[in-house]
Each structure stands twice: as structure tokens, then as C-alpha cells.
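Okay, data_35.cif is below, mmCIF, C-alpha atoms and all ligand atoms:
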```cif
data_data
loop_
_atom_site.label_atom_id
_atom_site.label_comp_id
_atom_site.auth_asym_id
_atom_site.auth_seq_id
_atom_site.Cartn_x
_atom_site.Cartn_y
_atom_site.Cartn_z
CA MET A 65 31.84 7.85 33.06
CA PRO A 66 31.91 4.19 34.27
CA GLU A 67 34.91 2.15 33.08
CA ALA A 68 34.15 0.05 29.95
CA VAL A 69 33.81 -3.71 30.60
CA LYS A 70 36.46 -6.02 29.15
CA GLN A 71 34.55 -9.33 29.32
CA TYR A 72 31.05 -10.58 28.60
CA ASN A 73 29.38 -11.14 31.99
CA ARG A 74 28.99 -14.68 33.38
CA THR A 75 25.29 -14.90 32.46
CA ALA A 76 25.89 -13.70 28.89
CA LYS A 77 28.62 -16.35 28.47
CA LEU A 78 26.44 -19.09 29.88
CA LEU A 79 23.54 -18.05 27.63
CA HIS A 80 25.80 -17.89 24.56
CA TRP A 81 27.35 -21.34 24.95
CA ALA A 82 24.16 -23.06 26.13
CA SER A 83 22.28 -21.56 23.15
CA ALA A 84 25.03 -22.61 20.70
CA LEU A 85 24.88 -26.23 21.96
CA LEU A 86 21.08 -26.33 21.87
CA ILE A 87 20.96 -24.87 18.34
CA ILE A 88 23.43 -27.44 16.98
CA ALA A 89 21.53 -30.26 18.76
CA LEU A 90 18.15 -29.05 17.43
CA PHE A 91 19.52 -28.78 13.90
CA ALA A 92 20.87 -32.35 13.95
CA LEU A 93 17.73 -33.69 15.65
CA GLY A 94 15.48 -31.88 13.13
CA LEU A 95 17.30 -33.30 10.09
CA TRP A 96 17.32 -36.80 11.60
CA MET A 97 13.71 -36.89 12.74
CA VAL A 98 12.08 -35.90 9.42
CA ASP A 99 13.42 -39.12 7.84
CA LEU A 100 12.10 -41.46 10.55
CA THR A 101 9.45 -43.97 9.49
CA TYR A 102 6.21 -44.60 11.32
CA TYR A 103 7.68 -47.89 12.67
CA SER A 104 10.59 -46.21 14.45
CA GLU A 105 10.25 -45.93 18.23
CA TRP A 106 11.45 -42.31 17.83
CA TYR A 107 8.71 -41.36 15.37
CA ASN A 108 6.70 -39.46 18.00
CA LEU A 109 9.41 -39.03 20.62
CA ALA A 110 11.95 -37.14 18.46
CA PRO A 111 9.53 -34.32 17.41
CA TYR A 112 8.33 -34.15 21.04
CA TRP A 113 11.92 -33.51 22.17
CA HIS A 114 12.63 -31.15 19.23
CA LYS A 115 9.60 -29.01 20.06
CA SER A 116 10.13 -29.07 23.84
CA ILE A 117 13.83 -28.14 23.59
CA GLY A 118 12.91 -25.56 20.91
CA LEU A 119 10.47 -23.90 23.30
CA CYS A 120 13.11 -23.85 26.06
CA LEU A 121 15.54 -22.20 23.65
CA PHE A 122 12.83 -19.67 22.75
CA ALA A 123 12.42 -18.72 26.44
CA LEU A 124 16.21 -18.60 26.84
CA THR A 125 16.55 -16.35 23.77
CA LEU A 126 13.89 -13.90 24.99
CA PHE A 127 15.67 -13.69 28.34
CA ARG A 128 19.00 -13.29 26.53
CA ILE A 129 17.75 -10.37 24.44
CA ILE A 130 16.39 -8.62 27.56
CA TRP A 131 19.63 -9.36 29.46
CA LYS A 132 21.66 -7.89 26.59
CA GLN A 133 19.69 -4.63 26.83
CA LEU A 134 20.13 -4.40 30.60
CA THR A 135 23.84 -5.19 30.97
CA ALA A 136 27.07 -3.79 29.55
CA ALA A 137 29.01 -5.68 26.85
CA PRO A 138 32.66 -5.20 25.85
CA ASP A 139 33.51 -3.36 22.62
CA ILE A 140 33.86 -5.44 19.46
CA GLU A 141 37.48 -5.42 18.25
CA GLY A 142 38.82 -5.09 14.70
CA GLU A 143 38.68 -2.80 11.67
CA LYS A 144 35.62 -0.61 11.18
CA TRP A 145 34.14 -3.02 8.58
CA GLU A 146 34.70 -5.97 10.93
CA VAL A 147 32.89 -4.24 13.79
CA GLN A 148 29.99 -3.35 11.45
CA GLY A 149 29.98 -6.89 10.04
CA ALA A 150 29.94 -8.46 13.51
CA LYS A 151 27.03 -6.24 14.59
CA ILE A 152 25.01 -7.18 11.48
CA ALA A 153 25.88 -10.89 11.98
CA HIS A 154 24.86 -10.89 15.67
CA PHE A 155 21.58 -9.13 14.85
CA SER A 156 20.92 -11.57 11.99
CA LEU A 157 21.57 -14.58 14.25
CA TYR A 158 18.91 -13.35 16.69
CA LEU A 159 16.48 -12.50 13.88
CA LEU A 160 16.93 -15.90 12.20
CA LEU A 161 16.34 -17.64 15.52
CA LEU A 162 13.11 -15.72 16.13
CA CYS A 163 11.84 -16.53 12.61
CA ILE A 164 12.73 -20.22 13.18
CA PHE A 165 10.64 -20.24 16.37
CA ILE A 166 7.67 -18.66 14.58
CA SER A 167 7.87 -21.06 11.59
CA GLY A 168 8.34 -24.05 13.97
CA TYR A 169 5.23 -22.97 15.85
CA MET A 170 3.32 -22.63 12.56
CA ILE A 171 4.28 -26.17 11.43
CA SER A 172 3.33 -27.71 14.76
CA THR A 173 0.01 -25.93 15.26
CA ALA A 174 -1.30 -25.88 11.65
CA ASP A 175 -3.81 -28.62 12.47
CA GLY A 176 -4.99 -26.81 15.61
CA ARG A 177 -2.95 -28.94 18.03
CA SER A 178 -1.04 -27.35 20.90
CA ILE A 179 2.69 -27.82 21.57
CA GLU A 180 3.63 -29.86 24.64
CA LEU A 181 6.54 -28.60 26.69
CA PHE A 182 7.80 -31.84 28.33
CA ASN A 183 4.26 -32.83 29.47
CA TRP A 184 4.50 -29.86 31.76
CA LEU A 185 2.93 -27.00 29.88
CA SER A 186 0.78 -26.80 26.78
CA VAL A 187 1.29 -23.90 24.37
CA PRO A 188 -2.05 -23.42 22.56
CA GLY A 189 -2.27 -23.63 18.77
CA PHE A 190 -4.56 -21.44 16.69
CA GLY A 191 -4.77 -23.61 13.58
CA SER A 192 -3.87 -22.49 10.04
CA PHE A 193 -3.76 -18.87 8.94
CA PHE A 194 -3.35 -19.82 5.25
CA GLU A 195 -3.61 -22.85 3.00
CA ASN A 196 -0.81 -25.47 3.18
CA GLN A 197 0.59 -23.71 6.24
CA GLU A 198 2.27 -26.87 7.57
CA ASP A 199 4.21 -27.52 4.33
CA ILE A 200 5.10 -23.89 3.58
CA ALA A 201 6.23 -23.20 7.17
CA GLY A 202 8.21 -26.50 7.03
CA VAL A 203 10.18 -25.39 3.96
CA ILE A 204 10.82 -21.93 5.48
CA HIS A 205 11.87 -23.52 8.79
CA TYR A 206 14.37 -25.73 6.98
CA TYR A 207 15.98 -22.96 4.89
CA LEU A 208 16.15 -20.57 7.87
CA ALA A 209 17.82 -23.29 9.96
CA VAL A 210 20.41 -23.96 7.22
CA THR A 211 21.08 -20.20 6.90
CA LEU A 212 21.46 -19.88 10.69
CA ILE A 213 23.96 -22.73 10.89
CA THR A 214 25.93 -21.38 7.89
CA LEU A 215 26.12 -17.92 9.46
CA ALA A 216 27.08 -19.44 12.83
CA VAL A 217 29.98 -21.29 11.14
CA VAL A 218 31.21 -18.04 9.53
CA HIS A 219 30.78 -16.35 12.93
CA ALA A 220 32.83 -19.08 14.68
CA LEU A 221 35.55 -18.89 11.98
CA ALA A 222 35.70 -15.10 12.47
CA ALA A 223 36.13 -15.62 16.24
CA LEU A 224 38.96 -18.13 15.60
CA LYS A 225 40.61 -15.76 13.09
CA HIS A 226 40.62 -13.01 15.74
CA HIS A 227 42.09 -15.41 18.30
CA PHE A 228 44.82 -17.10 16.24
CA ILE A 229 45.67 -14.53 13.55
CA ASN A 230 44.93 -11.12 15.09
CA LYS A 231 45.72 -12.48 18.57
CA ASP A 232 43.24 -10.07 20.15
CA SER A 233 40.90 -10.85 23.06
CA THR A 234 37.67 -11.42 21.06
CA LEU A 235 37.34 -15.13 21.93
CA ASN A 236 38.66 -14.76 25.48
CA LYS A 237 35.93 -12.20 26.22
CA MET A 238 33.37 -14.95 25.60
CA LEU A 239 35.42 -17.77 27.19
CA ARG A 240 37.38 -16.75 30.26
CA ILE A 241 35.71 -17.71 33.53
CA LYS A 242 37.65 -15.10 35.52
CA GLN A 243 35.80 -11.81 35.87
CA GLN A 244 37.75 -8.60 35.47
C1 LIG B 301 9.96 -23.37 18.94
C2 LIG B 301 10.93 -24.04 18.40
C3 LIG B 301 10.79 -25.08 17.32
C4 LIG B 301 9.69 -25.80 16.93
C5 LIG B 301 8.27 -25.75 17.49
C6 LIG B 301 10.12 -26.66 15.84
C7 LIG B 301 9.30 -27.55 15.15
C8 LIG B 301 9.70 -28.36 14.12
C9 LIG B 301 8.85 -29.33 13.46
C10 LIG B 301 7.38 -29.60 13.78
C11 LIG B 301 9.59 -29.92 12.50
C12 LIG B 301 9.14 -31.04 11.54
C13 LIG B 301 8.91 -30.46 10.18
C14 LIG B 301 8.43 -31.50 9.19
O1 LIG B 301 7.88 -32.51 9.58
O2 LIG B 301 8.61 -31.23 7.97
C15 LIG B 301 10.92 -29.34 12.54
C16 LIG B 301 11.96 -29.69 11.70
C17 LIG B 301 13.24 -29.14 11.76
N1 LIG B 301 13.68 -28.19 12.67
FE1 LIG B 301 12.57 -27.32 14.11
N2 LIG B 301 11.47 -26.42 15.57
C18 LIG B 301 11.90 -25.47 16.46
C19 LIG B 301 13.18 -24.95 16.55
C20 LIG B 301 14.24 -25.29 15.73
C21 LIG B 301 15.59 -24.77 15.85
C22 LIG B 301 16.06 -23.70 16.84
C23 LIG B 301 16.33 -25.37 14.89
C24 LIG B 301 17.82 -25.20 14.64
C25 LIG B 301 18.39 -24.39 13.91
C26 LIG B 301 15.46 -26.27 14.15
C27 LIG B 301 15.82 -27.04 13.07
C28 LIG B 301 15.01 -27.92 12.38
C29 LIG B 301 15.43 -28.70 11.22
C30 LIG B 301 16.81 -28.67 10.55
C31 LIG B 301 14.31 -29.46 10.83
C32 LIG B 301 14.24 -30.45 9.67
C33 LIG B 301 13.59 -29.75 8.50
C34 LIG B 301 13.49 -30.60 7.25
O3 LIG B 301 14.47 -31.29 6.91
O4 LIG B 301 12.43 -30.53 6.60
N3 LIG B 301 14.20 -26.20 14.71
N4 LIG B 301 10.97 -28.39 13.55
C1 LIG B 302 24.93 -21.75 16.86
C2 LIG B 302 26.04 -21.18 17.24
C3 LIG B 302 26.24 -19.73 17.68
C4 LIG B 302 25.37 -18.67 17.75
C5 LIG B 302 23.88 -18.65 17.39
C6 LIG B 302 26.11 -17.52 18.26
C7 LIG B 302 25.59 -16.25 18.46
C8 LIG B 302 26.27 -15.16 18.97
C9 LIG B 302 25.72 -13.86 19.23
C10 LIG B 302 24.27 -13.46 18.96
C11 LIG B 302 26.71 -13.08 19.74
C12 LIG B 302 26.60 -11.60 20.15
C13 LIG B 302 26.83 -11.41 21.62
C14 LIG B 302 25.60 -11.50 22.46
O1 LIG B 302 24.53 -11.07 22.02
O2 LIG B 302 25.68 -12.01 23.61
C15 LIG B 302 27.91 -13.87 19.80
C16 LIG B 302 29.14 -13.44 20.25
C17 LIG B 302 30.30 -14.18 20.19
N1 LIG B 302 30.41 -15.50 19.78
FE1 LIG B 302 28.91 -16.70 19.12
N2 LIG B 302 27.42 -17.91 18.48
C18 LIG B 302 27.53 -19.25 18.14
C19 LIG B 302 28.65 -20.03 18.20
C20 LIG B 302 29.92 -19.56 18.49
C21 LIG B 302 31.15 -20.34 18.42
C22 LIG B 302 31.22 -21.83 18.01
C23 LIG B 302 32.17 -19.51 18.78
C24 LIG B 302 33.69 -19.75 18.87
C25 LIG B 302 34.38 -20.51 18.11
C26 LIG B 302 31.58 -18.20 19.09
C27 LIG B 302 32.29 -17.09 19.51
C28 LIG B 302 31.75 -15.88 19.84
C29 LIG B 302 32.52 -14.74 20.33
C30 LIG B 302 34.03 -14.71 20.53
C31 LIG B 302 31.63 -13.67 20.54
C32 LIG B 302 31.98 -12.25 21.00
C33 LIG B 302 32.22 -11.43 19.76
C34 LIG B 302 32.66 -10.00 20.04
O3 LIG B 302 32.23 -9.41 21.02
O4 LIG B 302 33.44 -9.48 19.24
N3 LIG B 302 30.23 -18.27 18.90
N4 LIG B 302 27.62 -15.14 19.33
#
```

Give the structure from the file, written as C-alpha cells.
Amino acid sequence: MPEAVKQYNRTAKLLHWASALLIIALFALGLWMVDLTYYSEWYNLAPYWHKSIGLCLFALTLFRIIWKQLTAAPDIEGEKWEVQGAKIAHFSLYLLLLCIFISGYMISTADGRSIELFNWLSVPGFGSFFENQEDIAGVIHYYLAVTLITLAVVHALAALKHHFINKDSTLNKMLRIKQQ
């Protein structure tokens, strides 16, 4: 049997930290942009950036999920309930993200418009599938985003607890640049 890996691979680490930064930025940008007035110079620009970065994160997340299936990851450390909890949390973080992408797409394309990816690519919209789609998808998008950030905070606190209290290698497996 091949020896078990002790670190997340370089690509997995890069994907994890880049995704975390993008998610926090998109959350802040989303909350800020919905309160802008028509007279702000950011009124059109901020949603344009939010949607473009959101689409990039979507592509990154699809690649990340495929990469996760193809490469080996280190074992999760801790008590049995902690290992189970971490697995459920990681799965939920991915699932929440995917639902946020779908609801974001449904807000943006409810009126039949496409989504521009940095003036480079246009993702077609198919209009509304049900009445008030824009508003309903908007509320769902908001609550899913708040749930994602709350779970990510719990997840980060769990990682810090493992590092400073249990003093195991949970955080180092996701941080250390050196490969085993
Ligand atoms: C494909 C990706 C995404 C698209 C197309 C998208 C699209 C949108 C749109 C159109 C709005 C404006 C909603 C409105 O006017 O009521 C919005 C708001 C928002 N988005 Fe996204 N989004 C995406 C990804 C994300 C991600 C990954 C997050 C972070 C967790 C996020 C967090 C938010 C937040 C917090 C708001 C403000 C909601 C509110 O206060 O009503 N979005 N998004
Ligand atoms: C929006 C923020 C974040 C999201 C969405 C997120 C998501 C994830 C996911 C899905 C995994 C599972 C591993 C994988 O599939 O590659 C993971 C692992 C991990 N994350 Fe995060 N993360 C976030 C922020 C953070 C922060 C701020 C920290 C540290 C303080 C952190 C520390 C870790 C560690 C140590 C692991 C490895 C856990 C183990 O194998 O036991 N994450 N993260």
C-alpha cells in the first residue's frame, strides 16, 4: 500500500486559501453593493465585479472538487466525532457554495440578461423559471451566504483549536509550504 500523505498538496493549499479570500471579498462586496444608490459610480461596476469574480470562483470550485477526487489528502485528526463533524462541515461548505452560485445565476439572469465575465465571456441567461425569481433567489442567496460565512468561522475556530489547544498538525497540513 502507498504511504499515507501528511500534507495537503500544493495545489489544494493554493485553491483553499485563494477560495477563502475570494469568498470573504465577495461577501463584503455583496453586502456593500446592494445599498449603493443609482448616483454612485459603483452602482453598475460593483455588481459587474461581484458577478465576474463569482464566476471565476465557480470555475475554481469545480476544478477544486475534481482535484480533490484525483489526489490524496491527509487524514483528518481528532476524536471520532470531530472527524465526522469535519467531514460534514467540509461537504456543507462545498454544497453551500454551489447553491450560492446557482442562486446568484438565477438573480442575475431572471430578466433574460446574460452574465458578463470581465467583458471576456458572456454566460447566457434563460430568463425566469418562476414568478418573482429575482427577489426569491436574492433572499436565498443572502441567507446561504450568511450561513456559509458562519460555518467558515466555526471551521476556522476549529482549525485554531487544533493548532493551539490540541497542538496537532491540522493547520500545518494546510499551511506549510514544504512538501513531505
Ligand atoms: C456565480 C457567482 C455569483 C453571482 C452571479 C452573484 C450574484 C449576485 C447578485 C446579482 C447580487 C445582487 C442581489 C440583489 O440585488 O438583491 C448578489 C448579492 C450578494 N452576493 Fe452574490 N453572487 C455570486 C456569488 C457570491 C458568493 C460566492 C458570495 C459569498 C459568500 C456572495 C455573496 C453575496 C451577498 C452577501 C450579497 C448581498 C445580498 C443582500 O444583502 O441582499 N455572492 N450576488
Ligand atoms: C471562507 C473560508 C473557508 C472555506 C470555504 C474553507 C473550506 C475548507 C474546505 C472545503 C476544506 C476541506 C479540504 C479540501 O476540500 O481541500 C478545508 C480544510 C481546511 N481548512 Fe478551510 N476554509 C475556509 C477558511 C479557513 C480558515 C480561515 C482556516 C484557518 C484558520 C482554515 C483552515 C483549514 C484547515 C486546517 C483545513 C484542513 C482540515 C483537516 O484536514 O483536518 N480554513 N477548508

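Near Gly142 of chain A, within a cut-off of 10 Å and counting all atoms listed in the file, sit the residues Gln148, Ala150, His226, Asn230, Asp232 and Thr234 of chain A, with same-chain residues fewer than 6 positions away left out.
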
Practice problem: Find the spatial neighbours of Ala174 of chain A, counting only C-alpha atoms, within a cut-off of 7 Å - ignore same-chain residues fewer than 2 positions away - and output them as a list in words. | Solution: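 Near neighbours after the sequence-gap exclusion: Met170, Ile171, Ser172, Gly176, Gly191, Ser192, Gln197 and Glu198 of chain A.
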
Take the selection from the previous step and output its residues with C-alpha atoms, as a compact mmCIF listing (two decimals), in the coordinates of the input.
```txt
# COMPACT_ATOMS: atom_id res chain seq x y z
CA MET A 170 3.32 -22.63 12.56
CA ILE A 171 4.28 -26.17 11.43
CA SER A 172 3.33 -27.71 14.76
CA GLY A 176 -4.99 -26.81 15.61
CA GLY A 191 -4.77 -23.61 13.58
CA SER A 192 -3.87 -22.49 10.04
CA GLN A 197 0.59 -23.71 6.24
CA GLU A 198 2.27 -26.87 7.57
```

Self-check item: Pick from A:Ile152, A:Leu134, A:Ile229, A:Ile88 nearest to Thr214 of chain A, counting all atoms listed in the file
Solution: A:Ile88

Quiz item: Would you name the residues within 9 Å of ligand LIG 302 (chain B), counting all atoms listed in the file, and put them as number ranges by chain?
Solution: A: 71-72, 76-77, 79-81, 83-88, 128-129, 131-132, 137-142, 147, 150-151, 153-158, 161, 212-213, 215-217, 219-224, 226-227, 233-239

Quiz prompt | Interatomic distance, atom CA of Leu160 of chain A to atom CA of Lys70 of chain A (Å, one decimal) | solution =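 Distance reported for this atom pair: 27.7 Å.
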
Environment of ligand LIG 301 (chain B) within 9 Å, counting all atoms listed in the file, reported as a short mmCIF file (atom, residue, chain, number, x, y, z; two decimals) with C-alpha atoms, in the frame of the given file:
```cif
data_model
loop_
_atom_site.label_atom_id
_atom_site.label_comp_id
_atom_site.auth_asym_id
_atom_site.auth_seq_id
_atom_site.Cartn_x
_atom_site.Cartn_y
_atom_site.Cartn_z
CA LEU A 86 21.08 -26.33 21.87
CA ILE A 87 20.96 -24.87 18.34
CA ILE A 88 23.43 -27.44 16.98
CA ALA A 89 21.53 -30.26 18.76
CA LEU A 90 18.15 -29.05 17.43
CA PHE A 91 19.52 -28.78 13.90
CA ALA A 92 20.87 -32.35 13.95
CA LEU A 93 17.73 -33.69 15.65
CA GLY A 94 15.48 -31.88 13.13
CA LEU A 95 17.30 -33.30 10.09
CA TRP A 96 17.32 -36.80 11.60
CA MET A 97 13.71 -36.89 12.74
CA VAL A 98 12.08 -35.90 9.42
CA ASP A 99 13.42 -39.12 7.84
CA PRO A 111 9.53 -34.32 17.41
CA TYR A 112 8.33 -34.15 21.04
CA HIS A 114 12.63 -31.15 19.23
CA LYS A 115 9.60 -29.01 20.06
CA SER A 116 10.13 -29.07 23.84
CA ILE A 117 13.83 -28.14 23.59
CA GLY A 118 12.91 -25.56 20.91
CA LEU A 119 10.47 -23.90 23.30
CA CYS A 120 13.11 -23.85 26.06
CA LEU A 121 15.54 -22.20 23.65
CA PHE A 122 12.83 -19.67 22.75
CA LEU A 160 16.93 -15.90 12.20
CA LEU A 161 16.34 -17.64 15.52
CA LEU A 162 13.11 -15.72 16.13
CA ILE A 164 12.73 -20.22 13.18
CA PHE A 165 10.64 -20.24 16.37
CA ILE A 166 7.67 -18.66 14.58
CA SER A 167 7.87 -21.06 11.59
CA GLY A 168 8.34 -24.05 13.97
CA TYR A 169 5.23 -22.97 15.85
CA MET A 170 3.32 -22.63 12.56
CA ILE A 171 4.28 -26.17 11.43
CA SER A 172 3.33 -27.71 14.76
CA THR A 173 0.01 -25.93 15.26
CA ILE A 179 2.69 -27.82 21.57
CA GLU A 198 2.27 -26.87 7.57
CA ASP A 199 4.21 -27.52 4.33
CA ALA A 201 6.23 -23.20 7.17
CA GLY A 202 8.21 -26.50 7.03
CA VAL A 203 10.18 -25.39 3.96
CA ILE A 204 10.82 -21.93 5.48
CA HIS A 205 11.87 -23.52 8.79
CA TYR A 206 14.37 -25.73 6.98
CA TYR A 207 15.98 -22.96 4.89
CA LEU A 208 16.15 -20.57 7.87
CA ALA A 209 17.82 -23.29 9.96
CA VAL A 210 20.41 -23.96 7.22
CA THR A 211 21.08 -20.20 6.90
CA LEU A 212 21.46 -19.88 10.69
CA ILE A 213 23.96 -22.73 10.89
#
```

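When atom CA of Ile200 of chain A is paired with atom CA of Tyr102 of chain A, their separation reads 22.1 Å.
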
Quiz item: Restricting the calculation to only C-alpha atoms, which member of A:Glu180, A:Ala136, A:Asp175, A:Asn196 is positioned closest to Asn73 of chain A?
Solution: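 Of A:Glu180, A:Ala136, A:Asp175, A:Asn196, the one nearest Asn73 of chain A, counting only C-alpha atoms, is A:Ala136.
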
Exercise. Between A:Ala82, A:Lys231, A:Val218, A:Ile241, single out the one closest to Thr125 of chain A, counting all atoms listed in the file.
Key: A:Ala82

Quiz prompt | Å distance separating atom CA of Leu159 of chain A from atom CA of Glu143 of chain A, one decimal place | solution = 24.3 Å

Quiz prompt | Closest of A:Trp145, A:Phe182, A:Phe127, A:Phe194 to Trp113 of chain A - atom-to-atom distances counting only C-alpha atoms | solution =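 Answer, going by the shortest atom-to-atom distance: A:Phe182.
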
Write out N, CA and C atoms for segment 144-173 of chain A, as an mmCIF file, in the frame of the given file.
```
data_model
loop_
_atom_site.group_PDB
_atom_site.id
_atom_site.type_symbol
_atom_site.label_atom_id
_atom_site.label_comp_id
_atom_site.auth_asym_id
_atom_site.auth_seq_id
_atom_site.Cartn_x
_atom_site.Cartn_y
_atom_site.Cartn_z
ATOM 1 N N LYS A 144 36.990 -1.151 11.164
ATOM 2 C CA LYS A 144 35.620 -0.610 11.180
ATOM 3 C C LYS A 144 34.629 -1.573 10.496
ATOM 4 N N TRP A 145 35.055 -2.135 9.327
ATOM 5 C CA TRP A 145 34.140 -3.020 8.580
ATOM 6 C C TRP A 145 33.886 -4.306 9.350
ATOM 7 N N GLU A 146 34.878 -4.743 10.139
ATOM 8 C CA GLU A 146 34.700 -5.970 10.930
ATOM 9 C C GLU A 146 33.690 -5.743 12.060
ATOM 10 N N VAL A 147 33.806 -4.584 12.692
ATOM 11 C CA VAL A 147 32.890 -4.240 13.790
ATOM 12 C C VAL A 147 31.457 -4.148 13.240
ATOM 13 N N GLN A 148 31.312 -3.466 12.093
ATOM 14 C CA GLN A 148 29.990 -3.350 11.450
ATOM 15 C C GLN A 148 29.464 -4.726 11.076
ATOM 16 N N GLY A 149 30.356 -5.532 10.470
ATOM 17 C CA GLY A 149 29.980 -6.890 10.040
ATOM 18 C C GLY A 149 29.535 -7.744 11.210
ATOM 19 N N ALA A 150 30.268 -7.652 12.325
ATOM 20 C CA ALA A 150 29.940 -8.460 13.510
ATOM 21 C C ALA A 150 28.566 -8.038 14.055
ATOM 22 N N LYS A 151 28.322 -6.723 14.060
ATOM 23 C CA LYS A 151 27.030 -6.240 14.590
ATOM 24 C C LYS A 151 25.871 -6.759 13.723
ATOM 25 N N ILE A 152 26.062 -6.700 12.390
ATOM 26 C CA ILE A 152 25.010 -7.180 11.480
ATOM 27 C C ILE A 152 24.830 -8.702 11.673
ATOM 28 N N ALA A 153 25.954 -9.423 11.816
ATOM 29 C CA ALA A 153 25.880 -10.890 11.980
ATOM 30 C C ALA A 153 25.159 -11.248 13.280
ATOM 31 N N HIS A 154 25.498 -10.576 14.381
ATOM 32 C CA HIS A 154 24.860 -10.890 15.670
ATOM 33 C C HIS A 154 23.356 -10.618 15.600
ATOM 34 N N PHE A 155 23.005 -9.466 14.994
ATOM 35 C CA PHE A 155 21.580 -9.130 14.850
ATOM 36 C C PHE A 155 20.873 -10.181 13.997
ATOM 37 N N SER A 156 21.523 -10.585 12.891
ATOM 38 C CA SER A 156 20.920 -11.570 11.990
ATOM 39 C C SER A 156 20.730 -12.922 12.680
ATOM 40 N N LEU A 157 21.687 -13.300 13.536
ATOM 41 C CA LEU A 157 21.570 -14.580 14.250
ATOM 42 C C LEU A 157 20.326 -14.572 15.143
ATOM 43 N N TYR A 158 20.104 -13.459 15.840
ATOM 44 C CA TYR A 158 18.910 -13.350 16.690
ATOM 45 C C TYR A 158 17.637 -13.365 15.830
ATOM 46 N N LEU A 159 17.673 -12.602 14.728
ATOM 47 C CA LEU A 159 16.480 -12.500 13.880
ATOM 48 C C LEU A 159 16.134 -13.862 13.257
ATOM 49 N N LEU A 160 17.163 -14.569 12.778
ATOM 50 C CA LEU A 160 16.930 -15.900 12.200
ATOM 51 C C LEU A 160 16.319 -16.831 13.236
ATOM 52 N N LEU A 161 16.858 -16.783 14.444
ATOM 53 C CA LEU A 161 16.340 -17.640 15.520
ATOM 54 C C LEU A 161 14.854 -17.358 15.756
ATOM 55 N N LEU A 162 14.507 -16.073 15.859
ATOM 56 C CA LEU A 162 13.110 -15.720 16.130
ATOM 57 C C LEU A 162 12.198 -16.209 15.007
ATOM 58 N N CYS A 163 12.655 -16.063 13.748
ATOM 59 C CA CYS A 163 11.840 -16.530 12.610
ATOM 60 C C CYS A 163 11.729 -18.052 12.611
ATOM 61 N N ILE A 164 12.781 -18.746 13.090
ATOM 62 C CA ILE A 164 12.730 -20.220 13.180
ATOM 63 C C ILE A 164 11.696 -20.642 14.228
ATOM 64 N N PHE A 165 11.635 -19.907 15.332
ATOM 65 C CA PHE A 165 10.640 -20.240 16.370
ATOM 66 C C PHE A 165 9.224 -20.064 15.813
ATOM 67 N N ILE A 166 9.014 -18.947 15.108
ATOM 68 C CA ILE A 166 7.670 -18.660 14.580
ATOM 69 C C ILE A 166 7.279 -19.739 13.549
ATOM 70 N N SER A 167 8.218 -20.061 12.614
ATOM 71 C CA SER A 167 7.870 -21.060 11.590
ATOM 72 C C SER A 167 7.676 -22.431 12.239
ATOM 73 N N GLY A 168 8.494 -22.759 13.257
ATOM 74 C CA GLY A 168 8.340 -24.050 13.970
ATOM 75 C C GLY A 168 6.968 -24.129 14.625
ATOM 76 N N TYR A 169 6.551 -23.030 15.220
ATOM 77 C CA TYR A 169 5.230 -22.970 15.850
ATOM 78 C C TYR A 169 4.141 -23.164 14.786
ATOM 79 N N MET A 170 4.342 -22.543 13.621
ATOM 80 C CA MET A 170 3.320 -22.630 12.560
ATOM 81 C C MET A 170 3.231 -24.015 11.938
ATOM 82 N N ILE A 171 4.350 -24.773 11.930
ATOM 83 C CA ILE A 171 4.280 -26.170 11.430
ATOM 84 C C ILE A 171 3.461 -26.978 12.444
ATOM 85 N N SER A 172 3.869 -26.837 13.711
ATOM 86 C CA SER A 172 3.330 -27.710 14.760
ATOM 87 C C SER A 172 1.858 -27.477 15.055
ATOM 88 N N THR A 173 1.383 -26.255 14.836
ATOM 89 C CA THR A 173 0.010 -25.930 15.260
ATOM 90 C C THR A 173 -0.951 -25.767 14.084
#
```
